[in-house]
Amino acid sequence: MRLATWNVNSLAVRLPQLLDWLKANPVDAIALQETKLTDDKFPQAEIEAAGYAVQRFGQKTYNGVALLTRGDVAAVQKNIPGFDDEQARVIAGTYVGVRVIGAYIPNGQSVDSEKFGYKMRWLEALRAWVATELQSHPQLVLMGDYNIAPEDRDVYDPVAWAGQVLCTPEERAHFQGLIGLGLVDAFRLFEQPPKPWSWWDYRNLAFRKNQGLRIDHILVSEALRSRVAGCVIDKLPRKNERPSDHAPVVVELA
DNA sequence: ATGACTCCCAGTGGGAGA
């Protein structure tokens with residue numbers, strides 16, 4: 001079974017690229033972030049025609065997430081229970097025995113902004129919720145755009161980024177808090193190519209210069225760890241015309 | 001280099017992303 005996550009930065013713009021990618025990479029499930037579409041505008045028919053069941057949770061202009069699966073999902077959950085949130089950032093469902101949580105963690109904008117506090121509260125609520133989810137679903141995958149580079153080796157210029165949003169000790173501590181629940185970063189279970197970024201700024205020829213960050217992650221629970229057969233970032237879609245600034249991440253479960 | 005790009009909603013500019 002293969003699972004993927006991709007921040008598409010507008011599904012309206014990226015739909016043809018998503019369909020092309022799914023044709024070349026027929027994953028069993030994919031979590032999407034930044035669809036930027038209300039549910040009534042979601043391209044349901046096109047995605048169903050590609051062979052996927054659709055769970056979507058959108059809003060106007062910003063955010064918006066979706067979970068596409070080859071078969072039915074149960075117990076669909078939108079956003080974090082008990083955490084009052086006007087922004088559509090989480091879609092979860094149980095798929096062939098695996099609790100799959102797709103998340104678009106807040107960006108935080110800058111450390112001294114109101115949005116950074118929201119990010120911290122959001123991450124704390126996520127950790128508490130995932131802890132309870134693990135009790136009822138030992139087989140769990142938490143994947144999405146974390147907006148956190150967990151370590152310096154996930155940053156092209158760790159000196160320049162030190163203390164900046166996405167790289168602060170506070171954000172990294174939250175990432176480690178999720179690891180502390182018994183989750184493991186599937187990507188780091190394997191030897192990886194150098195500079196394995198999942199996001200490159202649109203500006204400054206960042207992709208051409210390979211100046212990026214690894215902020216999109218797939219965390220798997222302890223019960224699934226022995227099944228993880230591979231995890232890669234697919235840079236190819238970043239070479240498309242009008243690409244998303246993020247690349248998909250794929251995990252293979254035996 | 002107080003920038004750079006892309007998307008959205010707007011409406012001949014500005015917020016947000018990361």
# chains A, B, ... in the order shown; residues from 1 in each chain; ligands from 1
$ interface_residues --of "chain B" --to "chain A" --cutoff "12 Å" --atoms "only C-alpha atoms (C1' of nucleotides)" --output "list in words"
DG3, DA4, DC5, DT6, DC7, DC8, DC9, DA10, DG15, DA16, DG17 and DA18 of chain B
$ write_last_selection --atoms "N, CA and C atoms (P, O5', C5', C4', C3', O3' and C1' of nucleotides)" --output "CSV table (one decimal), in the first residue's frame"
chain,number,residue,atom,x,y,z
B,3,DG,P,11.6,42.9,1.2
B,3,DG,O5',11.7,43.0,-0.4
B,3,DG,C5',11.3,44.2,-1.1
B,3,DG,C4',11.4,44.0,-2.6
B,3,DG,C3',10.8,42.6,-3.0
B,3,DG,O3',10.0,42.8,-4.1
B,3,DG,C1',13.2,42.7,-3.5
B,4,DA,P,8.9,41.6,-4.4
B,4,DA,O5',9.8,40.7,-5.4
B,4,DA,C5',10.3,41.2,-6.6
B,4,DA,C4',11.2,40.1,-7.3
B,4,DA,C3',10.5,38.8,-7.4
B,4,DA,O3',11.0,38.2,-8.6
B,4,DA,C1',12.5,38.6,-6.1
B,5,DC,P,9.9,37.7,-9.7
B,5,DC,O5',9.2,36.5,-9.0
B,5,DC,C5',9.8,35.2,-9.0
B,5,DC,C4',8.8,34.2,-8.6
B,5,DC,C3',7.6,34.2,-9.5
B,5,DC,O3',7.2,32.9,-9.8
B,5,DC,C1',7.0,34.4,-7.2
B,6,DT,P,6.2,32.5,-10.9
B,6,DT,O5',4.9,32.2,-10.1
B,6,DT,C5',4.8,31.0,-9.3
B,6,DT,C4',3.5,31.1,-8.5
B,6,DT,C3',2.2,31.3,-9.2
B,6,DT,O3',1.4,30.2,-9.2
B,6,DT,C1',2.3,32.6,-7.2
B,7,DC,P,0.1,30.1,-9.9
B,7,DC,O5',-1.0,30.4,-8.8
B,7,DC,C5',-1.2,29.5,-7.7
B,7,DC,C4',-2.1,30.2,-6.7
B,7,DC,C3',-3.4,30.8,-7.3
B,7,DC,O3',-4.5,30.0,-6.9
B,7,DC,C1',-2.3,32.3,-5.8
B,8,DC,P,-5.9,30.3,-7.5
B,8,DC,O5',-6.5,31.3,-6.5
B,8,DC,C5',-6.7,31.0,-5.1
B,8,DC,C4',-7.1,32.2,-4.4
B,8,DC,C3',-8.3,32.9,-5.0
B,8,DC,O3',-9.5,32.7,-4.1
B,8,DC,C1',-6.6,34.5,-4.5
B,9,DC,P,-10.9,33.0,-4.7
B,9,DC,O5',-11.1,34.6,-4.4
B,9,DC,C5',-11.1,35.0,-3.0
B,9,DC,C4',-11.1,36.5,-3.0
B,9,DC,C3',-12.2,37.2,-3.8
B,9,DC,O3',-12.8,38.2,-3.0
B,9,DC,C1',-10.1,38.1,-4.4
B,10,DA,P,-14.0,39.0,-3.6
B,10,DA,O5',-13.4,40.4,-4.1
B,10,DA,C5',-12.5,41.0,-3.2
B,10,DA,C4',-11.5,41.8,-4.0
B,10,DA,C3',-12.0,43.1,-4.7
B,10,DA,O3',-11.7,44.2,-4.0
B,10,DA,C1',-10.3,41.9,-6.0
B,15,DG,P,-2.0,44.5,2.8
B,15,DG,O5',-2.4,43.0,3.2
B,15,DG,C5',-3.8,42.6,3.3
B,15,DG,C4',-3.9,41.1,3.2
B,15,DG,C3',-3.0,40.4,4.1
B,15,DG,O3',-3.7,39.4,4.8
B,15,DG,C1',-2.7,39.6,1.9
B,16,DA,P,-3.0,38.6,6.0
B,16,DA,O5',-2.5,37.3,5.2
B,16,DA,C5',-3.4,36.3,4.7
B,16,DA,C4',-2.6,35.3,3.9
B,16,DA,C3',-1.4,34.7,4.7
B,16,DA,O3',-1.7,33.4,5.0
B,16,DA,C1',-0.8,35.2,2.5
B,17,DG,P,-0.8,32.5,5.9
B,17,DG,O5',0.1,31.7,4.8
B,17,DG,C5',-0.5,31.0,3.8
B,17,DG,C4',0.5,30.6,2.8
B,17,DG,C3',1.8,30.0,3.3
B,17,DG,O3',2.0,28.8,2.6
B,17,DG,C1',2.3,31.7,1.8
B,18,DA,P,2.6,27.5,3.4
B,18,DA,O5',4.1,27.8,3.4
B,18,DA,C5',4.8,27.6,2.2
B,18,DA,C4',6.3,28.0,2.4
B,18,DA,C3',7.0,27.4,3.6
B,18,DA,O3',8.3,27.1,3.2
B,18,DA,C1',7.1,29.8,3.7
$ select_by_dssp --residues "range 74-173 of chain A" --states "strand (DSSP E or B)" --output "ChimeraX atom specification"
/A:74-78,90-95,98-104,140-145,155
$ write_last_selection --atoms "C-alpha atoms" --output "PDB file, in the first residue's frame"
ATOM      1  CA  ALA A  74     -14.783   5.158   7.605  1.00  0.00           C
ATOM      2  CA  ALA A  75     -15.035   7.551  10.543  1.00  0.00           C
ATOM      3  CA  VAL A  76     -14.234  10.713   8.617  1.00  0.00           C
ATOM      4  CA  GLN A  77     -13.136  13.567  10.855  1.00  0.00           C
ATOM      5  CA  LYS A  78     -12.753  17.201   9.840  1.00  0.00           C
ATOM      6  CA  VAL A  90      -7.446  18.469   8.897  1.00  0.00           C
ATOM      7  CA  ILE A  91      -9.191  15.572   7.189  1.00  0.00           C
ATOM      8  CA  ALA A  92      -8.945  12.075   8.615  1.00  0.00           C
ATOM      9  CA  GLY A  93     -10.429   8.716   7.798  1.00  0.00           C
ATOM     10  CA  THR A  94      -9.895   5.019   8.453  1.00  0.00           C
ATOM     11  CA  TYR A  95      -8.746   3.238   5.320  1.00  0.00           C
ATOM     12  CA  VAL A  98      -5.147   2.428   8.989  1.00  0.00           C
ATOM     13  CA  ARG A  99      -6.129   5.707  10.584  1.00  0.00           C
ATOM     14  CA  VAL A 100      -4.991   8.263   8.005  1.00  0.00           C
ATOM     15  CA  ILE A 101      -4.764  11.882   9.148  1.00  0.00           C
ATOM     16  CA  GLY A 102      -4.030  14.551   6.572  1.00  0.00           C
ATOM     17  CA  ALA A 103      -2.991  17.855   8.105  1.00  0.00           C
ATOM     18  CA  TYR A 104      -2.106  21.349   6.965  1.00  0.00           C
ATOM     19  CA  LEU A 140      -1.948   5.457  12.294  1.00  0.00           C
ATOM     20  CA  VAL A 141      -0.360   7.724   9.694  1.00  0.00           C
ATOM     21  CA  LEU A 142      -0.086  11.478  10.247  1.00  0.00           C
ATOM     22  CA  MET A 143       0.964  13.173   7.045  1.00  0.00           C
ATOM     23  CA  GLY A 144       0.842  16.571   5.469  1.00  0.00           C
ATOM     24  CA  ASP A 145       2.439  19.985   5.314  1.00  0.00           C
ATOM     25  CA  VAL A 155      17.234  23.288   5.772  1.00  0.00           C
TER      26      VAL A 155
END
$ select_by_dssp --residues "range 38-134 of chain A" --states "helix (DSSP H, G or I)" --output "number ranges by chain"
A: 39-41, 44-49, 114-134
$ residues_around --residues "range 24-33 of chain A" --least-positions-apart "2" --cutoff "8 Å" --atoms "only C-alpha atoms (C1' of nucleotides)" --output "list in words"
Met1, Arg2, Leu3, Ala4, Thr5, Trp6, Asn7, Val8, Asn9, Asp20, Trp21, Leu22, Thr35, Asn63, Gly64, Val65, Ala66, Leu67, Leu68, Thr69, Arg70, Arg89, Gly102, Ala103, Tyr104, Met143, Gly144 and Asp145 of chain A
$ write_last_selection --atoms "N, CA and C atoms" --output "CSV table (one decimal), in the first residue's frame"
chain,number,residue,atom,x,y,z
A,1,MET,N,0.8,-1.2,0.0
A,1,MET,CA,0.0,0.0,0.0
A,1,MET,C,0.9,1.2,0.0
A,2,ARG,N,0.5,2.2,-0.9
A,2,ARG,CA,1.3,3.4,-0.9
A,2,ARG,C,0.4,4.6,-0.5
A,3,LEU,N,0.9,5.5,0.3
A,3,LEU,CA,0.2,6.7,0.8
A,3,LEU,C,1.1,7.9,0.4
A,4,ALA,N,0.4,9.0,0.1
A,4,ALA,CA,1.1,10.2,-0.3
A,4,ALA,C,0.5,11.4,0.3
A,5,THR,N,1.3,12.5,0.4
A,5,THR,CA,0.8,13.8,0.8
A,5,THR,C,1.4,14.8,-0.2
A,6,TRP,N,0.5,15.8,-0.5
A,6,TRP,CA,1.0,16.9,-1.4
A,6,TRP,C,0.2,18.2,-1.1
A,7,ASN,N,1.0,19.2,-0.9
A,7,ASN,CA,0.4,20.5,-0.8
A,7,ASN,C,0.4,21.1,-2.2
A,8,VAL,N,-0.8,21.1,-2.8
A,8,VAL,CA,-0.9,21.5,-4.2
A,8,VAL,C,-1.0,23.0,-4.5
A,9,ASN,N,-1.2,23.8,-3.5
A,9,ASN,CA,-1.3,25.2,-3.6
A,9,ASN,C,-2.3,25.6,-4.7
A,20,ASP,N,-2.3,13.8,-13.6
A,20,ASP,CA,-1.2,13.2,-14.3
A,20,ASP,C,-0.3,12.5,-13.3
A,21,TRP,N,-0.1,13.1,-12.1
A,21,TRP,CA,0.7,12.4,-11.1
A,21,TRP,C,0.1,11.1,-10.6
A,22,LEU,N,-1.2,11.1,-10.4
A,22,LEU,CA,-1.9,9.9,-9.9
A,22,LEU,C,-1.8,8.8,-11.0
A,35,THR,N,-6.0,23.2,-0.9
A,35,THR,CA,-6.9,23.1,-2.1
A,35,THR,C,-7.5,24.4,-2.5
A,63,ASN,N,-6.3,27.6,2.7
A,63,ASN,CA,-6.3,26.3,3.4
A,63,ASN,C,-7.1,25.3,2.5
A,64,GLY,N,-7.9,24.4,3.2
A,64,GLY,CA,-8.6,23.4,2.5
A,64,GLY,C,-7.8,22.2,2.3
A,65,VAL,N,-8.4,21.0,2.7
A,65,VAL,CA,-7.7,19.7,2.7
A,65,VAL,C,-8.6,18.7,2.1
A,66,ALA,N,-8.0,17.6,1.6
A,66,ALA,CA,-8.8,16.5,1.0
A,66,ALA,C,-8.1,15.2,1.3
A,67,LEU,N,-8.8,14.1,1.3
A,67,LEU,CA,-8.3,12.8,1.4
A,67,LEU,C,-8.9,12.0,0.2
A,68,LEU,N,-8.0,11.5,-0.7
A,68,LEU,CA,-8.5,10.7,-1.8
A,68,LEU,C,-8.0,9.3,-1.6
A,69,THR,N,-8.9,8.3,-1.7
A,69,THR,CA,-8.6,6.9,-1.5
A,69,THR,C,-9.1,6.0,-2.6
A,70,ARG,N,-8.5,4.9,-2.8
A,70,ARG,CA,-8.9,3.9,-3.8
A,70,ARG,C,-10.2,3.2,-3.4
A,89,ARG,N,-8.2,22.6,8.1
A,89,ARG,CA,-6.8,22.1,8.0
A,89,ARG,C,-6.6,20.6,8.2
A,102,GLY,N,-4.7,13.6,7.4
A,102,GLY,CA,-4.0,14.6,6.6
A,102,GLY,C,-4.1,15.9,7.2
A,103,ALA,N,-3.0,16.6,7.4
A,103,ALA,CA,-3.0,17.9,8.1
A,103,ALA,C,-2.2,19.0,7.4
A,104,TYR,N,-2.8,20.1,7.4
A,104,TYR,CA,-2.1,21.3,7.0
A,104,TYR,C,-1.8,22.2,8.2
A,143,MET,N,0.1,12.6,8.2
A,143,MET,CA,1.0,13.2,7.0
A,143,MET,C,0.4,14.5,6.5
A,144,GLY,N,1.3,15.3,6.0
A,144,GLY,CA,0.8,16.6,5.5
A,144,GLY,C,2.0,17.6,5.4
A,145,ASP,N,1.5,18.9,5.3
A,145,ASP,CA,2.4,20.0,5.3
A,145,ASP,C,2.5,20.4,6.8
$ atom_distance --atom1 "CA of Tyr118 in chain A" --atom2 "CA of Glu170 in chain A"
12.8 Å
$ residues_around --residues "range 178-191 of chain A" --least-positions-apart "4" --cutoff "6 Å" --atoms "only C-alpha atoms (C1' of nucleotides)" --output "list in words"
Arg127, Ile218, Leu219, Val220, Ser221, Glu222 and Cys231 of chain A
$ atom_distance --atom1 "CA of Leu224 in chain A" --atom2 "CA of Leu123 in chain A"
22.6 Å
$ residues_around --residues "range 161-163 of chain A" --least-positions-apart "6" --cutoff "9 Å" --atoms "only C-alpha atoms (C1' of nucleotides)" --output "list in words"
Val111, Asp152, Val155 and Pro169 of chain A
$ atom_distance --atom1 "CA of Ile233 in chain A" --atom2 "CA of Asp154 in chain A"
12.7 Å
$ closest_residue --among "A:Val96, A:Ile47, A:Arg56, A:Phe207" --to "Leu15 in chain A" --atoms "only C-alpha atoms"
A:Ile47
$ decode --residues "range 132-164 of chain A" --atoms "C-alpha atoms" --output "tab-separated table (two decimals), in the first residue's frame"
chain	number	residue	atom	x	y	z
A	132	THR	CA	-6.18	9.71	21.87
A	133	GLU	CA	-6.46	8.55	18.26
A	134	LEU	CA	-3.50	6.22	18.78
A	135	GLN	CA	-5.33	4.52	21.63
A	136	SER	CA	-8.23	3.55	19.39
A	137	HIS	CA	-6.19	3.22	16.17
A	138	PRO	CA	-2.71	1.81	16.84
A	139	GLN	CA	-2.10	1.75	13.09
A	140	LEU	CA	-1.95	5.46	12.29
A	141	VAL	CA	-0.36	7.72	9.69
A	142	LEU	CA	-0.09	11.48	10.25
A	143	MET	CA	0.96	13.17	7.04
A	144	GLY	CA	0.84	16.57	5.47
A	145	ASP	CA	2.44	19.99	5.31
A	146	TYR	CA	3.85	20.43	8.82
A	147	ASN	CA	5.43	23.82	8.16
A	148	ILE	CA	8.28	22.61	10.36
A	149	ALA	CA	11.82	21.71	9.31
A	150	PRO	CA	12.59	19.22	12.08
A	151	GLU	CA	16.38	19.49	12.02
A	152	ASP	CA	19.14	21.62	10.52
A	153	ARG	CA	19.75	18.94	7.90
A	154	ASP	CA	16.24	19.69	6.63
A	155	VAL	CA	17.23	23.29	5.77
A	156	TYR	CA	19.42	24.42	2.86
A	157	ASP	CA	20.94	27.24	4.90
A	158	PRO	CA	20.44	26.49	8.60
A	159	VAL	CA	22.44	29.55	9.68
A	160	ALA	CA	20.29	31.96	7.71
A	161	TRP	CA	17.11	30.19	8.89
A	162	ALA	CA	18.12	29.85	12.54
A	163	GLY	CA	15.30	31.12	14.73
A	164	GLN	CA	13.08	31.88	11.73
